[in-house]
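What follows is input.cif (mmCIF, C-alpha atoms).
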data_final
#
loop_
_atom_site.label_atom_id
_atom_site.label_comp_id
_atom_site.auth_asym_id
_atom_site.auth_seq_id
_atom_site.Cartn_x
_atom_site.Cartn_y
_atom_site.Cartn_z
CA VAL A 1 -37.49 5.32 -9.23
CA THR A 2 -36.58 7.57 -12.11
CA ASN A 3 -33.88 6.67 -14.63
CA ARG A 4 -31.75 9.47 -13.23
CA ALA A 5 -31.92 8.03 -9.71
CA ARG A 6 -31.25 4.53 -11.05
CA ILE A 7 -28.16 5.77 -12.94
CA LEU A 8 -26.88 7.66 -9.90
CA GLU A 9 -27.28 4.62 -7.67
CA ALA A 10 -25.47 2.46 -10.25
CA ALA A 11 -22.68 5.03 -10.56
CA ARG A 12 -22.29 5.15 -6.80
CA GLN A 13 -21.85 1.37 -6.73
CA VAL A 14 -19.63 1.09 -9.80
CA PHE A 15 -17.35 3.99 -8.91
CA GLY A 16 -17.29 2.86 -5.29
CA ALA A 17 -16.22 -0.68 -6.09
CA GLY A 18 -14.09 -0.47 -9.22
CA GLY A 19 -12.65 2.92 -8.49
CA ALA A 20 -13.63 6.14 -10.11
CA SER A 21 -11.83 5.05 -13.29
CA ALA A 22 -14.68 2.65 -14.13
CA SER A 23 -16.39 3.29 -17.44
CA THR A 24 -19.70 4.97 -18.14
CA GLU A 25 -20.65 1.77 -20.01
CA ALA A 26 -20.31 -0.20 -16.76
CA VAL A 27 -22.64 2.29 -15.09
CA ALA A 28 -25.22 1.94 -17.87
CA ARG A 29 -25.08 -1.87 -17.64
CA ARG A 30 -25.53 -1.84 -13.87
CA ALA A 31 -28.42 0.63 -14.13
CA GLY A 32 -30.09 -1.51 -16.79
CA VAL A 33 -30.36 1.39 -19.22
CA GLY A 34 -28.73 2.14 -22.55
CA ILE A 35 -25.59 4.24 -22.74
CA ALA A 36 -27.59 6.91 -24.62
CA THR A 37 -29.87 7.28 -21.60
CA VAL A 38 -26.87 7.87 -19.36
CA PHE A 39 -25.52 10.52 -21.71
CA ARG A 40 -28.94 12.18 -21.94
CA HIS A 41 -28.95 12.71 -18.17
CA PHE A 42 -25.18 13.23 -17.79
CA PRO A 43 -23.63 14.52 -21.04
CA THR A 44 -20.03 13.94 -19.84
CA LYS A 45 -18.32 11.65 -17.37
CA ALA A 46 -17.46 14.76 -15.35
CA ASP A 47 -21.21 15.50 -15.03
CA LEU A 48 -21.81 11.99 -13.71
CA LEU A 49 -18.91 12.10 -11.26
CA ASP A 50 -19.99 15.55 -10.10
CA ALA A 51 -23.52 14.27 -9.41
CA VAL A 52 -22.28 11.20 -7.52
CA LEU A 53 -19.91 13.29 -5.41
CA ALA A 54 -22.58 15.94 -4.75
CA ASP A 55 -24.94 13.18 -3.62
CA ARG A 56 -22.29 11.94 -1.20
CA PHE A 57 -21.85 15.38 0.33
CA ALA A 58 -25.65 15.83 0.46
CA ARG A 59 -26.01 12.59 2.45
CA LEU A 60 -23.44 13.82 4.98
CA CYS A 61 -25.34 17.14 5.18
CA GLU A 62 -28.56 15.26 5.88
CA ARG A 63 -26.74 13.24 8.51
CA ALA A 64 -25.56 16.50 10.12
CA GLY A 65 -29.20 17.60 10.33
CA GLN A 66 -30.26 14.30 11.90
CA LEU A 67 -27.45 14.46 14.45
CA ALA A 68 -28.29 18.06 15.34
CA ALA A 69 -31.88 16.95 16.02
CA THR A 70 -31.19 13.74 17.92
CA ALA A 71 -27.77 13.75 19.60
CA GLU A 72 -26.09 15.73 22.37
CA PRO A 73 -24.04 18.65 20.98
CA GLY A 74 -20.60 17.10 21.64
CA PRO A 75 -21.29 13.61 20.31
CA ALA A 76 -23.22 15.04 17.34
CA LEU A 77 -20.06 16.84 16.18
CA THR A 78 -17.63 13.97 16.83
CA GLU A 79 -19.97 11.42 15.22
CA LEU A 80 -20.32 13.54 12.06
CA ILE A 81 -16.53 13.98 11.86
CA THR A 82 -16.03 10.23 12.30
CA GLU A 83 -18.47 9.53 9.46
CA MET A 84 -16.87 12.17 7.21
CA VAL A 85 -13.43 10.63 7.74
CA SER A 86 -14.74 7.08 7.14
CA ASP A 87 -16.31 8.24 3.90
CA ALA A 88 -13.12 10.04 2.82
CA PRO A 89 -11.21 7.47 0.74
CA GLY A 90 -14.09 6.98 -1.70
CA LYS A 91 -14.89 10.70 -1.73
CA ILE A 92 -11.32 11.75 -2.48
CA ALA A 93 -11.00 9.13 -5.23
CA LEU A 94 -14.17 10.56 -6.80
CA ALA A 95 -12.90 14.14 -6.42
CA GLU A 96 -9.60 13.24 -8.09
CA ALA A 97 -11.42 11.46 -10.92
CA LEU A 98 -13.65 14.51 -11.33
CA THR A 99 -10.61 16.79 -11.62
CA ALA A 100 -8.99 14.36 -14.08
CA ALA A 101 -12.23 14.38 -16.14
CA GLY A 102 -12.09 18.15 -16.38
CA GLY A 103 -14.63 18.94 -13.66
CA ASP A 104 -14.16 21.95 -11.44
CA GLU A 105 -15.12 23.17 -8.00
CA ASP A 106 -18.03 25.29 -9.23
CA GLY A 107 -20.24 22.29 -9.92
CA ALA A 108 -22.92 20.64 -7.80
CA ALA A 109 -20.27 18.80 -5.75
CA GLY A 110 -18.48 22.03 -4.90
CA ARG A 111 -21.76 23.62 -3.76
CA ALA A 112 -22.72 20.53 -1.73
CA SER A 113 -19.28 20.51 -0.14
CA ALA A 114 -19.71 24.16 0.89
CA ARG A 115 -23.10 23.30 2.44
CA LEU A 116 -21.49 20.46 4.40
CA GLN A 117 -18.85 22.85 5.68
CA GLU A 118 -21.65 25.18 6.87
CA ALA A 119 -23.38 22.26 8.57
CA VAL A 120 -20.15 21.37 10.41
CA GLY A 121 -19.91 25.02 11.46
CA GLY A 122 -23.44 24.80 12.89
CA LEU A 123 -22.61 21.67 14.89
CA LEU A 124 -19.36 23.28 16.09
CA GLU A 125 -21.17 26.40 17.38
CA ARG A 126 -23.79 24.27 19.07
CA ALA A 127 -21.09 22.16 20.78
CA GLN A 128 -19.23 25.29 21.86
CA ARG A 129 -22.39 26.89 23.29
CA ALA A 130 -22.98 23.69 25.27
CA GLY A 131 -19.39 23.83 26.60
CA ALA A 132 -18.56 20.49 24.96
CA VAL A 133 -15.89 21.95 22.65
CA ARG A 134 -13.27 24.59 23.49
CA ALA A 135 -14.33 28.11 22.64
CA ASP A 136 -10.98 29.22 21.18
CA ILE A 137 -11.15 27.42 17.86
CA GLY A 138 -13.01 28.28 14.70
CA LEU A 139 -14.38 26.45 11.70
CA PRO A 140 -11.28 27.01 9.48
CA GLU A 141 -8.93 25.13 11.81
CA LEU A 142 -11.50 22.44 12.58
CA TYR A 143 -12.07 21.97 8.86
CA ALA A 144 -8.31 21.79 8.26
CA LEU A 145 -8.12 19.00 10.84
CA ILE A 146 -11.04 17.14 9.23
CA VAL A 147 -9.58 17.54 5.72
CA GLY A 148 -6.24 16.35 7.12
CA MET A 149 -7.63 13.21 8.71
CA SER A 150 -9.64 12.58 5.54
CA ARG A 151 -6.60 12.85 3.31
CA ALA A 152 -4.47 10.78 5.68
CA THR A 153 -7.12 8.05 5.57
CA ALA A 154 -7.16 8.21 1.79
CA HIS A 155 -3.38 8.14 1.36
CA VAL A 156 -1.97 5.97 4.16
CA PRO A 157 -3.21 2.43 4.74
CA LEU A 158 -4.90 3.01 8.10
CA ASP A 159 -6.54 0.14 9.99
CA PRO A 160 -9.75 1.03 11.84
CA ASP A 161 -8.10 0.94 15.31
CA THR A 162 -5.31 3.31 14.26
CA ARG A 163 -7.87 5.63 12.69
CA ALA A 164 -9.97 5.54 15.86
CA ARG A 165 -6.95 6.38 18.03
CA ALA A 166 -5.94 9.24 15.73
CA LEU A 167 -9.50 10.62 15.88
CA GLY A 168 -9.37 10.17 19.67
CA VAL A 169 -6.33 12.46 19.87
CA LEU A 170 -8.18 15.01 17.76
CA PHE A 171 -11.36 14.84 19.86
CA ASP A 172 -9.41 15.12 23.12
CA GLY A 173 -7.69 18.17 21.66
CA LEU A 174 -11.11 19.71 20.93
CA ALA A 175 -12.27 19.30 24.53
CA PRO A 176 -12.42 22.42 26.70
CA ARG A 177 -9.08 22.92 28.49
CA VAL B 1 31.22 22.49 -3.73
CA THR B 2 30.86 19.61 -6.17
CA ASN B 3 28.80 19.87 -9.34
CA ARG B 4 26.34 17.39 -7.84
CA ALA B 5 25.79 19.58 -4.79
CA ARG B 6 25.50 22.67 -6.99
CA ILE B 7 22.86 20.97 -9.15
CA LEU B 8 20.92 19.77 -6.11
CA GLU B 9 20.91 23.24 -4.59
CA ALA B 10 19.75 24.73 -7.90
CA ALA B 11 17.03 22.09 -8.22
CA ARG B 12 15.86 22.82 -4.69
CA GLN B 13 15.50 26.50 -5.56
CA VAL B 14 13.99 26.03 -9.02
CA PHE B 15 11.49 23.33 -8.00
CA GLY B 16 10.71 25.24 -4.82
CA ALA B 17 9.91 28.48 -6.60
CA GLY B 18 8.48 27.55 -9.98
CA GLY B 19 6.86 24.35 -8.83
CA ALA B 20 8.10 20.88 -9.46
CA SER B 21 7.01 21.20 -13.09
CA ALA B 22 10.02 23.45 -13.83
CA SER B 23 12.38 22.11 -16.49
CA THR B 24 15.74 20.38 -16.07
CA GLU B 25 17.12 23.12 -18.34
CA ALA B 26 16.15 25.74 -15.78
CA VAL B 27 18.01 23.74 -13.12
CA ALA B 28 21.15 23.55 -15.30
CA ARG B 29 21.04 27.29 -15.98
CA ARG B 30 20.66 28.12 -12.29
CA ALA B 31 23.50 25.72 -11.35
CA GLY B 32 25.75 27.26 -14.02
CA VAL B 33 26.46 23.89 -15.64
CA GLY B 34 25.53 22.37 -18.98
CA ILE B 35 22.46 20.21 -19.34
CA ALA B 36 24.75 17.23 -20.11
CA THR B 37 26.34 17.60 -16.68
CA VAL B 38 22.91 17.47 -15.06
CA PHE B 39 22.02 14.32 -16.98
CA ARG B 40 25.38 12.71 -16.10
CA HIS B 41 24.55 13.06 -12.39
CA PHE B 42 20.80 12.56 -12.72
CA PRO B 43 19.94 10.53 -15.84
CA THR B 44 16.19 11.27 -15.60
CA LYS B 45 14.04 14.02 -14.13
CA ALA B 46 12.71 11.42 -11.70
CA ASP B 47 16.29 10.87 -10.43
CA LEU B 48 16.69 14.59 -9.83
CA LEU B 49 13.32 14.97 -8.09
CA ASP B 50 14.05 11.87 -6.00
CA ALA B 51 17.37 13.37 -4.85
CA VAL B 52 15.83 16.77 -4.00
CA LEU B 53 13.02 15.13 -2.04
CA ALA B 54 15.43 12.75 -0.26
CA ASP B 55 17.55 15.74 0.72
CA ARG B 56 14.49 17.44 2.17
CA PHE B 57 13.64 14.41 4.30
CA ALA B 58 17.31 14.10 5.34
CA ARG B 59 17.31 17.71 6.59
CA LEU B 60 14.24 17.01 8.73
CA CYS B 61 15.98 13.85 10.05
CA GLU B 62 19.02 15.91 11.00
CA ARG B 63 16.72 18.42 12.67
CA ALA B 64 15.16 15.57 14.68
CA GLY B 65 18.64 14.62 15.89
CA GLN B 66 19.42 18.22 16.87
CA LEU B 67 16.13 18.57 18.74
CA ALA B 68 16.67 15.26 20.57
CA ALA B 69 20.04 16.58 21.71
CA THR B 70 19.06 20.11 22.67
CA ALA B 71 15.35 20.39 23.54
CA GLU B 72 13.08 19.03 26.27
CA PRO B 73 11.31 15.82 25.14
CA GLY B 74 7.85 17.39 24.72
CA PRO B 75 8.88 20.54 22.82
CA ALA B 76 11.36 18.51 20.71
CA LEU B 77 8.47 16.45 19.34
CA THR B 78 6.04 19.32 18.81
CA GLU B 79 8.73 21.50 17.20
CA LEU B 80 9.68 18.75 14.73
CA ILE B 81 6.01 18.18 13.85
CA THR B 82 5.54 21.93 13.33
CA GLU B 83 8.54 22.05 10.98
CA MET B 84 7.39 18.94 9.09
CA VAL B 85 3.96 20.47 8.52
CA SER B 86 5.46 23.83 7.44
CA ASP B 87 7.64 22.01 4.94
CA ALA B 88 4.72 19.95 3.64
CA PRO B 89 3.36 21.96 0.69
CA GLY B 90 6.71 21.94 -1.14
CA LYS B 91 7.40 18.33 -0.19
CA ILE B 92 4.05 17.07 -1.41
CA ALA B 93 4.38 19.01 -4.69
CA LEU B 94 7.78 17.34 -5.20
CA ALA B 95 6.38 13.91 -4.32
CA GLU B 96 3.52 14.35 -6.81
CA ALA B 97 5.94 15.50 -9.51
CA LEU B 98 8.14 12.48 -8.74
CA THR B 99 5.18 10.13 -9.16
CA ALA B 100 4.18 11.89 -12.38
CA ALA B 101 7.78 11.52 -13.66
CA GLY B 102 7.60 7.77 -13.10
CA GLY B 103 9.49 7.66 -9.79
CA ASP B 104 8.46 5.21 -7.11
CA GLU B 105 8.63 4.80 -3.35
CA ASP B 106 11.70 2.54 -3.42
CA GLY B 107 14.09 5.36 -4.27
CA ALA B 108 16.29 7.50 -2.05
CA ALA B 109 13.32 9.69 -1.07
CA GLY B 110 11.31 6.68 0.07
CA ARG B 111 14.22 5.46 2.21
CA ALA B 112 14.82 8.94 3.67
CA SER B 113 11.11 9.25 4.45
CA ALA B 114 11.24 5.92 6.32
CA ARG B 115 14.23 7.18 8.33
CA LEU B 116 12.31 10.35 9.21
CA GLN B 117 9.39 8.25 10.42
CA GLU B 118 11.82 6.29 12.65
CA ALA B 119 13.21 9.56 14.00
CA VAL B 120 9.69 10.75 14.86
CA GLY B 121 9.16 7.41 16.61
CA GLY B 122 12.30 8.04 18.67
CA LEU B 123 11.13 11.50 19.70
CA LEU B 124 7.67 10.12 20.53
CA GLU B 125 9.08 7.39 22.83
CA ARG B 126 11.33 9.91 24.53
CA ALA B 127 8.40 12.29 25.11
CA GLN B 128 6.26 9.44 26.42
CA ARG B 129 8.99 8.27 28.83
CA ALA B 130 9.22 11.84 30.12
CA GLY B 131 5.45 11.92 30.66
CA ALA B 132 5.06 14.79 28.18
CA VAL B 133 2.89 12.80 25.75
CA ARG B 134 0.09 10.35 26.57
CA ALA B 135 1.23 6.73 26.74
CA ASP B 136 -1.75 5.23 24.91
CA ILE B 137 -0.82 6.29 21.39
CA GLY B 138 1.64 4.78 18.96
CA LEU B 139 3.64 5.94 15.97
CA PRO B 140 1.08 4.82 13.34
CA GLU B 141 -1.66 7.11 14.65
CA LEU B 142 0.77 9.97 15.32
CA TYR B 143 2.11 9.63 11.78
CA ALA B 144 -1.42 9.57 10.39
CA LEU B 145 -2.08 12.86 12.19
CA ILE B 146 1.15 14.39 10.85
CA VAL B 147 0.45 13.19 7.30
CA GLY B 148 -3.06 14.56 7.66
CA MET B 149 -1.97 18.01 8.78
CA SER B 150 0.68 17.99 6.04
CA ARG B 151 -1.84 17.16 3.34
CA ALA B 152 -4.36 19.64 4.69
CA THR B 153 -1.68 22.35 4.54
CA ALA B 154 -0.84 21.34 0.99
CA HIS B 155 -4.45 21.23 -0.26
CA VAL B 156 -6.35 23.94 1.63
CA PRO B 157 -5.20 27.55 1.66
CA LEU B 158 -4.27 27.76 5.36
CA ASP B 159 -3.01 31.01 6.88
CA PRO B 160 -0.29 30.63 9.52
CA ASP B 161 -2.63 31.45 12.44
CA THR B 162 -5.18 28.86 11.39
CA ARG B 163 -2.42 26.30 10.95
CA ALA B 164 -1.04 27.14 14.40
CA ARG B 165 -4.48 26.74 16.01
CA ALA B 166 -5.03 23.40 14.25
CA LEU B 167 -1.63 22.19 15.45
CA GLY B 168 -2.53 23.46 18.93
CA VAL B 169 -5.60 21.20 18.98
CA LEU B 170 -3.41 18.29 17.92
CA PHE B 171 -0.75 18.99 20.56
CA ASP B 172 -3.36 19.40 23.31
CA GLY B 173 -4.80 16.06 22.22
CA LEU B 174 -1.35 14.47 22.60
CA ALA B 175 -0.96 15.69 26.18
CA PRO B 176 -1.39 13.14 28.98
CA ARG B 177 -5.05 12.94 30.05
#
Could you write out this file's structure as structure tokens?
Amino acid sequence: VTNRARILEAARQVFGAGGASASTEAVARRAGVGIATVFRHFPTKADLLDAVLADRFARLCERAGQLAATAEPGPALTELITEMVSDAPGKIALAEALTAAGGDEDGAAGRASARLQEAVGGLLERAQRAGAVRADIGLPELYALIVGMSRATAHVPLDPDTRARALGVLFDGLAPR
Amino acid sequence: VTNRARILEAARQVFGAGGASASTEAVARRAGVGIATVFRHFPTKADLLDAVLADRFARLCERAGQLAATAEPGPALTELITEMVSDAPGKIALAEALTAAGGDEDGAAGRASARLQEAVGGLLERAQRAGAVRADIGLPELYALIVGMSRATAHVPLDPDTRARALGVLFDGLAPR
């Protein structure tokens, strides 16, 4: 494990638990490296947050690839959406911290987010070709619905059953009419 | 028209156009009153933002009452949701400005928002009794979906057609199975 990977893993844990407002010092301590080592790999806190967020999007992208290879077209899409929405509160907290730290959408996280959107588009097309999802919707409206459920989950206290029922309404709405 | 009403109307226009970051001075100018008059009615900017936001929720509440009285149960609910989501970008900008100005959820806007949620619950029950909306969902998940679409509209550039198609998925998902 390289120092960079060790720092990223520590940052994921520290920002995940204590909120994205946790300090870079706490990340260094958890990683077992000096603060100078953190700053050598990630010169600013925005760089660190950007890398953690990009990693989170990259994992979801990987998961999209796995699902495309192993699951039926319909369930592959709904499972990925469910995982994206579950992951949303932490992701949005990180994105807000990144904005607050002066980061922008042109960084690694922004690029990884665009790749995830493409991956969702691939799963959508596949599900539509298989007749598992209605043919009259496109990626922009599906993405709006995913972003919406993600932001609702991040901003309203939503118990798992309520979230599951809300996603159920969404998935039923995606079914062919 | 009282000075208070004149100031509120001016604030609605000024905050609506120039964003909620517009100054109290700009509101006074638009209302044609002195800044001291604004501060007599609304001692802080948070008070003014709270009143504008409360007024916005109150209008939607009134609209819910009208729709309950004049429209079929199913369309009454979907029309109110459509109007809530259309109104969302301005409302969320005001809510964020209110938070930034030190306002909290216990003010007039918070109470008006709770009344709107109750009104949506009333329209939901009515639509469910009429068999226009599936019986197996409750207000919490419906509200999560509305909050979600509202936040998506506020945070993603969403053209009207895309928004309409996303709402269409949601409404089809609400239909009885």
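Separating atom CA of Asp172 of chain B from atom CA of Pro89 of chain B is a distance of 23.7 Å.
Taken over the shown file, the PyMOL selection byres ((chain B) within 6 of (chain A)) identifies Glu141, Ala144, Val147, Gly148, Met149, Arg151, Ala152, Thr162, Ala166, Val169, Leu170, Asp172 and Gly173 of chain B.
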(request) Convert the output of the PyMOL selection byres ((chain B and resi 22) around 12) on the shown file into explicit residues, formatted as JSON, numbers by chain. (result) {"B": [10, 11, 12, 13, 14, 15, 16, 17, 18, 19, 20, 21, 23, 24, 25, 26, 27, 28, 29, 30, 45, 48, 49, 93, 94, 97]}
Centre and size of axis-aligned box enclosing segment 89-105 of chain A plus 6 Å each side, as AutoDock Vina command-line options:
--center_x -12.1 --center_y 15.1 --center_z -7.8 --size_x 18.1 --size_y 28.2 --size_z 29.1
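Minimum distance to Leu77 of chain A across A:Gly103, A:Gly110, A:Gly65, A:Gly34 (counting all atoms listed in the file) occurs at A:Gly65.
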